[in-house]
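A.B. asks: Shown below is the structure under consideration.
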Amino acid sequence: MITSCDEAVARLRALPGLSCCARPLNVLPLLRTGCLSAVVSVEGPDAGWAGEFGASFHALEPERGVRDHTSAGAGVHAVLRAIAGTSDEDAGENAGGGGNAGAGGNPGEGAAAGGWRGRELALLPYSAMKPEWRAALGALGTRLLEPPSHVALPMLGDKRAQRAWLRSVGAATPPDAVVPALDHRELLRRFGSPYVVQTPVGSSGKGTHLVVDEADLRPIRQVGGGPWLVSGYVEGVALNVHVLVSADSTVRVLRPSVQLTRIEGVGAPFGAYSGCDFAAPALLAPLALARAGTAARRVGEALAALGYRGLFGADFVLDGERPLLLELNCRMQGSTWLLGELELAEQALPSALRHVLELYGHATGGEPRTDAVGAVQLVVRHTGAPVRVAAAPGGGLHRLKDGRLRYCGAGFGLLECGPDDCVLLQLPSPGMVLHPGVPLARIVARHPLTTPDGTALTATGRDLVDALRAGFVLEPLEPYGLPGPSCPAAVPSAAGPGAAVPRAPW
């Protein structure tokens with residue numbers, strides 16, 4: 001059984017590691033511990049990450065010059081296809097180590113220099129490996145070591161089936177129904193106003209809609225995707241609980257966090273991920289927290305009996321002191337990296353590393369801490385029409401002074417943060433096109449940025465958001481067309497709309 005961080009890192013460094021994910025931040029604990037050699041993602045790394053972590057980064061966003069709503073599945077596949085299209089022809093010119101890994105990449109050998117063919121990599125998964133990713137890596141000639149296949153659990157990938165399964169194992173959920181057609185009058189009679197409509201598949205709030213009147217249903221019907229899961233709306237604190245299922249079927253409940261939601265001023269639509277706060281649970285009713293932990297453990301035990309291994313997250317809404325389980329996220333989550341920062345500071349084995357080890361069948365030991373501690377991330381989004389970034393704040397460590405954000409040095413996450421500091425991450429570079437609703441930045445801090453229920457900014461949080469937005473100069477786009485997901489040829493460039501898009505340098 002692996003119980004120490006040193007032992008875990010030694011095991012995971014046995015082969016160069018590869019992760020595929022939406023953004024490099026998702027796998028920060030694996031980068032900090034030197035377990036990753038290459039990251040393939042939609043968003044690029046922040047400035048300085050390649051030099052700090054010694055990994056190569058291959059990303060779609062920096063090469064297209066667009067930040068939009070491309071999914072991780074489609075974005076990673078596009079990057080791998082681009083690598084496959086250039087790796088053979090570039091093999092000779094990159095043989096001397098002069099290759100480029102994309103934005104933030106570094107020259108060097110192997111994956112960093114485009115040398116994918118014949119390279120052996122161990123998959124350190126953020127989420128499940130998609131068949132098209134595996135096929136693209138195979139076409140590159142990469143030998144990929146993957147975790148052993150576990151039993152398929154199809155009900156976990158469909159919100160309708162998952163909700164029914166959760167009730168079957170004793171979890172309390174909001175009232176719901178699966179409907180083939182969206183009849184507002186009937187749904188209003190059954191669930192009251194407002195109610196929630198969800199498509200069967202979606203994450204991070206995608207496909208989740210709050211419905212007040214008939215007009216809210218029209219765009220849902222246009223997209224399609226039914227039958228839909230319709231639930232009664234419960235207005236309460238959104239709570240997330242990490243759970244780890246070990247290779248020996250042991251279930252451990254980890255630190256909970258309050259999910260930030262319904263916040264005015266940060267640009268998030270209903271259901272969109274806005275961040276989390278690991279200190280706020282200390283201000284919630286102890287009975288509600290205890291009940292949520294018990295429910296999460298019960299679900300973990302049911303999953304363990306079915307053969308599930310690794311991390312999952314349980315999303316609750318608190319109806320007073322009664323936690324109602326909304327859904328499970330059977331993977332690492334958008335808050336797992338921040339939990340890992342706390343664990344590294346405490347010299348504990350990060351949950352992200354435990355997750356990967358458990359997937360490979362290596363049981364990990366040690367009881368996790370569940371106490372509340374200061375760690376916050378807040379996602380601030382672009383609102384309004386599509387724009388091009390003319391100027392943007394720099395990433396890294398900052399401090400708010402006289403209403404302005406003052407740069408204090410390099411910062412990659414919570415570990416660099418002092419009690420009065422913040423770290424800015426996920427910033428678009430000048431020249432990038434922003435679609436409506438995409439992240440402008442992620443603010444990381446040790447002090448609260450929202451009220452304890454996660455639904456409103458504090459005065460400090462508001463000042464930080466205002467100072468952040470003030471640091472951007474955003475120019476409206478000309479009406480010659482907006483680039484869409486996975487369409488790099490449509491990206492407007494500084495040379496004009498008809499200019500050729502440069503070939504990806506992978």
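In the structure tokens, the first chain shown is A, the next is B, and so on; residue numbers restart at 1 for each chain, and ligands run from 1 in the order shown.
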Using only C-alpha atoms, which residues of region 218-313 of chain A come within 10 Å of region 362-367 of chain A, and what is the closest atom pair for each, with the distance in Å to one decimal? Give it as a Markdown table, sorted by chain and residue number.

C.D. replies:
| residue | atom | partner | partner_atom | distance |
| --- | --- | --- | --- | --- |
| A:Leu244 | CA | A:Thr364 | CA | 9.9 |
| A:Val245 | CA | A:Ala363 | CA | 9.4 |
| A:Ser246 | CA | A:Ala363 | CA | 5.7 |
| A:Ala247 | CA | A:Ala363 | CA | 5.0 |
| A:Asp248 | CA | A:Ala363 | CA | 6.3 |
| A:Ser249 | CA | A:Ala363 | CA | 9.0 |
| A:Thr250 | CA | A:Ala363 | CA | 9.0 |
| A:Arg252 | CA | A:Glu367 | CA | 7.3 |
| A:Val253 | CA | A:Glu367 | CA | 8.9 |
| A:Leu254 | CA | A:Glu367 | CA | 8.7 |
| A:Arg309 | CA | A:Ala363 | CA | 9.9 |
| A:Gly310 | CA | A:Ala363 | CA | 9.9 |

A.B. asks: Write the residues of the preceding selection, restricted to N, CA and C atoms, as a short mmCIF file (atom, residue, chain, number, x, y, z; two decimals), in the first residue's frame.

C.D. replies:
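As written to disk, selection_15.cif reads:
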data_model
loop_
_atom_site.label_atom_id
_atom_site.label_comp_id
_atom_site.auth_asym_id
_atom_site.auth_seq_id
_atom_site.Cartn_x
_atom_site.Cartn_y
_atom_site.Cartn_z
N LEU A 244 -13.03 9.04 -2.45
CA LEU A 244 -12.03 8.17 -3.07
C LEU A 244 -12.38 6.71 -2.81
N VAL A 245 -12.51 5.94 -3.88
CA VAL A 245 -12.75 4.50 -3.79
C VAL A 245 -11.44 3.79 -4.12
N SER A 246 -10.88 3.07 -3.15
CA SER A 246 -9.57 2.45 -3.32
C SER A 246 -9.65 1.10 -4.01
N ALA A 247 -8.49 0.65 -4.46
CA ALA A 247 -8.40 -0.64 -5.14
C ALA A 247 -8.82 -1.79 -4.24
N ASP A 248 -8.72 -1.60 -2.91
CA ASP A 248 -9.17 -2.64 -1.98
C ASP A 248 -10.61 -2.41 -1.52
N SER A 249 -11.34 -1.52 -2.23
CA SER A 249 -12.75 -1.19 -1.99
C SER A 249 -12.98 -0.32 -0.77
N THR A 250 -11.92 0.18 -0.14
CA THR A 250 -12.09 1.13 0.95
C THR A 250 -12.62 2.45 0.40
N ARG A 252 -13.22 6.48 1.19
CA ARG A 252 -12.82 7.59 2.05
C ARG A 252 -13.49 8.87 1.58
N VAL A 253 -14.10 9.60 2.51
CA VAL A 253 -14.73 10.88 2.22
C VAL A 253 -13.71 11.98 2.49
N LEU A 254 -13.52 12.86 1.51
CA LEU A 254 -12.51 13.90 1.58
C LEU A 254 -13.16 15.25 1.93
N ARG A 309 -13.35 2.46 -9.27
CA ARG A 309 -12.14 2.81 -8.54
C ARG A 309 -11.76 4.26 -8.85
N GLY A 310 -11.16 4.94 -7.86
CA GLY A 310 -10.69 6.30 -8.05
C GLY A 310 -11.61 7.32 -7.41
#

A.B. asks: Quick one: residues within 7 Å of region 430-444 of chain A, only C-alpha atoms counted, chain neighbours fewer than 3 positions away excluded, as a ChimeraX atom specification?

C.D. replies: /A:65-69,267-268,376-392,413-414,422-427

A.B. asks: DSSP says helix (DSSP H, G or I) for which residues of region 266-498 of chain A? Put them as a VMD selection string?

C.D. replies: chain A and resid 280 to 283 286 to 305 336 to 345 351 to 359 414 to 416 459 to 470 488 to 490

A.B. asks: Measure the distance from CA of Arg23 (chain A) to CA of Val39 (chain A) in Å and round it to one decimal.

C.D. replies: 8.7 Å

A.B. asks: Which residues are close to Glu235 (chain A), i.e. within 12 Å by only C-alpha atoms, leaving aside same-chain residues fewer than 5 positions away? Reply as a list in words.

C.D. replies: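 These residues fall inside the cut-off: Pro174, Ser193, Pro194, Tyr195, Val196, Leu210, Thr261, Arg262, Phe316, Val317, Leu318, Asp319, Gly320, Pro323, Leu324, Asp453 and Thr455 of chain A.
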
A.B. asks: Can you pull out the residues contacting Trp49 (chain A)? Cut-off 8 Å, using only C-alpha atoms, and skip same-chain residues under 4 positions away; I want them as a count of residues only.

C.D. replies: 5

A.B. asks: What is the distance, in Å and to one decimal place, between CA of Ala467 (chain A) and CA of Pro281 (chain A)?

C.D. replies: 27.5 Å

A.B. asks: Of the residues A:Leu405, A:Trp337, A:Ser56, A:Gly138, which is the one nearest to Arg32 (chain A), using only C-alpha atoms?

C.D. replies: A:Trp337

A.B. asks: Which residue is closest to Pro428 (chain A)? Choose from A:Ala177, A:Val201, A:Leu474, A:Val230 and count only C-alpha atoms.

C.D. replies: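 Among A:Ala177, A:Val201, A:Leu474, A:Val230, it is A:Leu474 that comes nearest to Pro428 (chain A).
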
A.B. asks: For the structure I just gave you, how does DSSP split region 197-314 of chain A - specifically, which residues are strand (DSSP E or B)? Reply as a CSV table (one decimal) with N, CA and C atoms, in the first residue's frame.

C.D. replies:
chain,number,residue,atom,x,y,z
A,197,VAL,N,-34.4,21.8,-16.3
A,197,VAL,CA,-34.3,20.9,-17.4
A,197,VAL,C,-32.9,20.6,-17.7
A,198,GLN,N,-32.6,19.3,-17.8
A,198,GLN,CA,-31.2,18.8,-18.1
A,198,GLN,C,-31.2,17.8,-19.3
A,208,THR,N,-27.7,22.3,-18.6
A,208,THR,CA,-28.6,22.5,-17.5
A,208,THR,C,-29.3,23.8,-17.6
A,209,HIS,N,-30.6,23.9,-17.5
A,209,HIS,CA,-31.3,25.1,-17.8
A,209,HIS,C,-32.4,25.4,-16.7
A,210,LEU,N,-32.5,26.6,-16.2
A,210,LEU,CA,-33.5,27.0,-15.3
A,210,LEU,C,-34.6,27.6,-16.1
A,211,VAL,N,-35.8,27.1,-15.9
A,211,VAL,CA,-37.0,27.5,-16.7
A,211,VAL,C,-38.0,28.2,-15.8
A,228,TRP,N,-35.7,14.5,-21.6
A,228,TRP,CA,-35.0,15.3,-20.7
A,228,TRP,C,-35.3,14.9,-19.3
A,229,LEU,N,-34.3,15.2,-18.4
A,229,LEU,CA,-34.5,15.0,-16.9
A,229,LEU,C,-35.0,16.4,-16.4
A,230,VAL,N,-36.2,16.4,-15.9
A,230,VAL,CA,-36.8,17.6,-15.3
A,230,VAL,C,-36.9,17.5,-13.8
A,231,SER,N,-36.4,18.5,-13.1
A,231,SER,CA,-36.4,18.4,-11.6
A,231,SER,C,-37.0,19.7,-11.0
A,232,GLY,N,-37.6,19.5,-9.8
A,232,GLY,CA,-38.0,20.7,-9.1
A,232,GLY,C,-36.7,21.5,-8.6
A,238,ALA,N,-25.1,25.0,-2.5
A,238,ALA,CA,-24.5,23.9,-3.4
A,238,ALA,C,-23.3,23.4,-2.7
A,239,LEU,N,-23.2,22.1,-2.4
A,239,LEU,CA,-22.1,21.5,-1.7
A,239,LEU,C,-21.6,20.4,-2.5
A,240,ASN,N,-20.2,20.3,-2.6
A,240,ASN,CA,-19.6,19.2,-3.3
A,240,ASN,C,-18.7,18.4,-2.4
A,241,VAL,N,-18.7,17.1,-2.5
A,241,VAL,CA,-17.9,16.2,-1.6
A,241,VAL,C,-17.1,15.3,-2.5
A,242,HIS,N,-15.8,15.4,-2.3
A,242,HIS,CA,-14.9,14.4,-3.0
A,242,HIS,C,-14.9,13.1,-2.2
A,243,VAL,N,-14.9,12.0,-3.0
A,243,VAL,CA,-14.8,10.6,-2.4
A,243,VAL,C,-13.8,9.8,-3.2
A,244,LEU,N,-13.0,9.0,-2.4
A,244,LEU,CA,-12.0,8.2,-3.1
A,244,LEU,C,-12.4,6.7,-2.8
A,245,VAL,N,-12.5,5.9,-3.9
A,245,VAL,CA,-12.7,4.5,-3.8
A,245,VAL,C,-11.4,3.8,-4.1
A,251,VAL,N,-13.6,3.0,1.1
A,251,VAL,CA,-14.2,4.3,0.7
A,251,VAL,C,-13.8,5.4,1.7
A,252,ARG,N,-13.2,6.5,1.2
A,252,ARG,CA,-12.8,7.6,2.1
A,252,ARG,C,-13.5,8.9,1.6
A,253,VAL,N,-14.1,9.6,2.5
A,253,VAL,CA,-14.7,10.9,2.2
A,253,VAL,C,-13.7,12.0,2.5
A,254,LEU,N,-13.5,12.9,1.5
A,254,LEU,CA,-12.5,13.9,1.6
A,254,LEU,C,-13.2,15.2,1.9
A,255,ARG,N,-12.4,16.3,1.9
A,255,ARG,CA,-12.8,17.6,2.2
A,255,ARG,C,-14.0,18.1,1.3
A,256,PRO,N,-15.1,18.6,1.9
A,256,PRO,CA,-16.2,19.2,1.1
A,256,PRO,C,-15.8,20.7,0.8
A,257,SER,N,-16.5,21.2,-0.2
A,257,SER,CA,-16.4,22.6,-0.6
A,257,SER,C,-17.8,23.1,-1.0
A,258,VAL,N,-18.0,24.4,-0.7
A,258,VAL,CA,-19.2,25.1,-1.2
A,258,VAL,C,-19.0,25.5,-2.6
A,259,GLN,N,-19.9,25.1,-3.5
A,259,GLN,CA,-19.8,25.5,-4.9
A,259,GLN,C,-20.4,26.9,-5.1
A,275,GLY,N,-16.7,28.2,-9.5
A,275,GLY,CA,-15.6,28.1,-8.5
A,275,GLY,C,-16.1,27.4,-7.2
A,276,CYS,N,-15.2,27.4,-6.2
A,276,CYS,CA,-15.5,26.7,-5.0
A,276,CYS,C,-14.8,27.4,-3.8
A,277,ASP,N,-15.2,27.0,-2.6
A,277,ASP,CA,-14.6,27.6,-1.4
A,277,ASP,C,-14.5,26.4,-0.4
A,310,GLY,N,-11.2,4.9,-7.9
A,310,GLY,CA,-10.7,6.3,-8.1
A,310,GLY,C,-11.6,7.3,-7.4
A,311,LEU,N,-11.4,8.6,-7.8
A,311,LEU,CA,-12.2,9.7,-7.2
A,311,LEU,C,-13.5,9.8,-7.9
A,312,PHE,N,-14.5,10.3,-7.2
A,312,PHE,CA,-15.7,10.9,-7.8
A,312,PHE,C,-16.1,12.0,-6.9
A,313,GLY,N,-17.0,12.9,-7.4
A,313,GLY,CA,-17.5,14.0,-6.7
A,313,GLY,C,-19.0,13.9,-6.6
A,314,ALA,N,-19.6,14.2,-5.5
A,314,ALA,CA,-21.0,14.2,-5.3
A,314,ALA,C,-21.5,15.6,-5.1

A.B. asks: Counting only C-alpha atoms, which residue out of A:Pro227, A:Pro16, A:Gly461, A:Pro62 sits closest to Asp46 (chain A)?

C.D. replies: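 Ranked by minimum distance to Asp46 (chain A), first place goes to A:Pro62.
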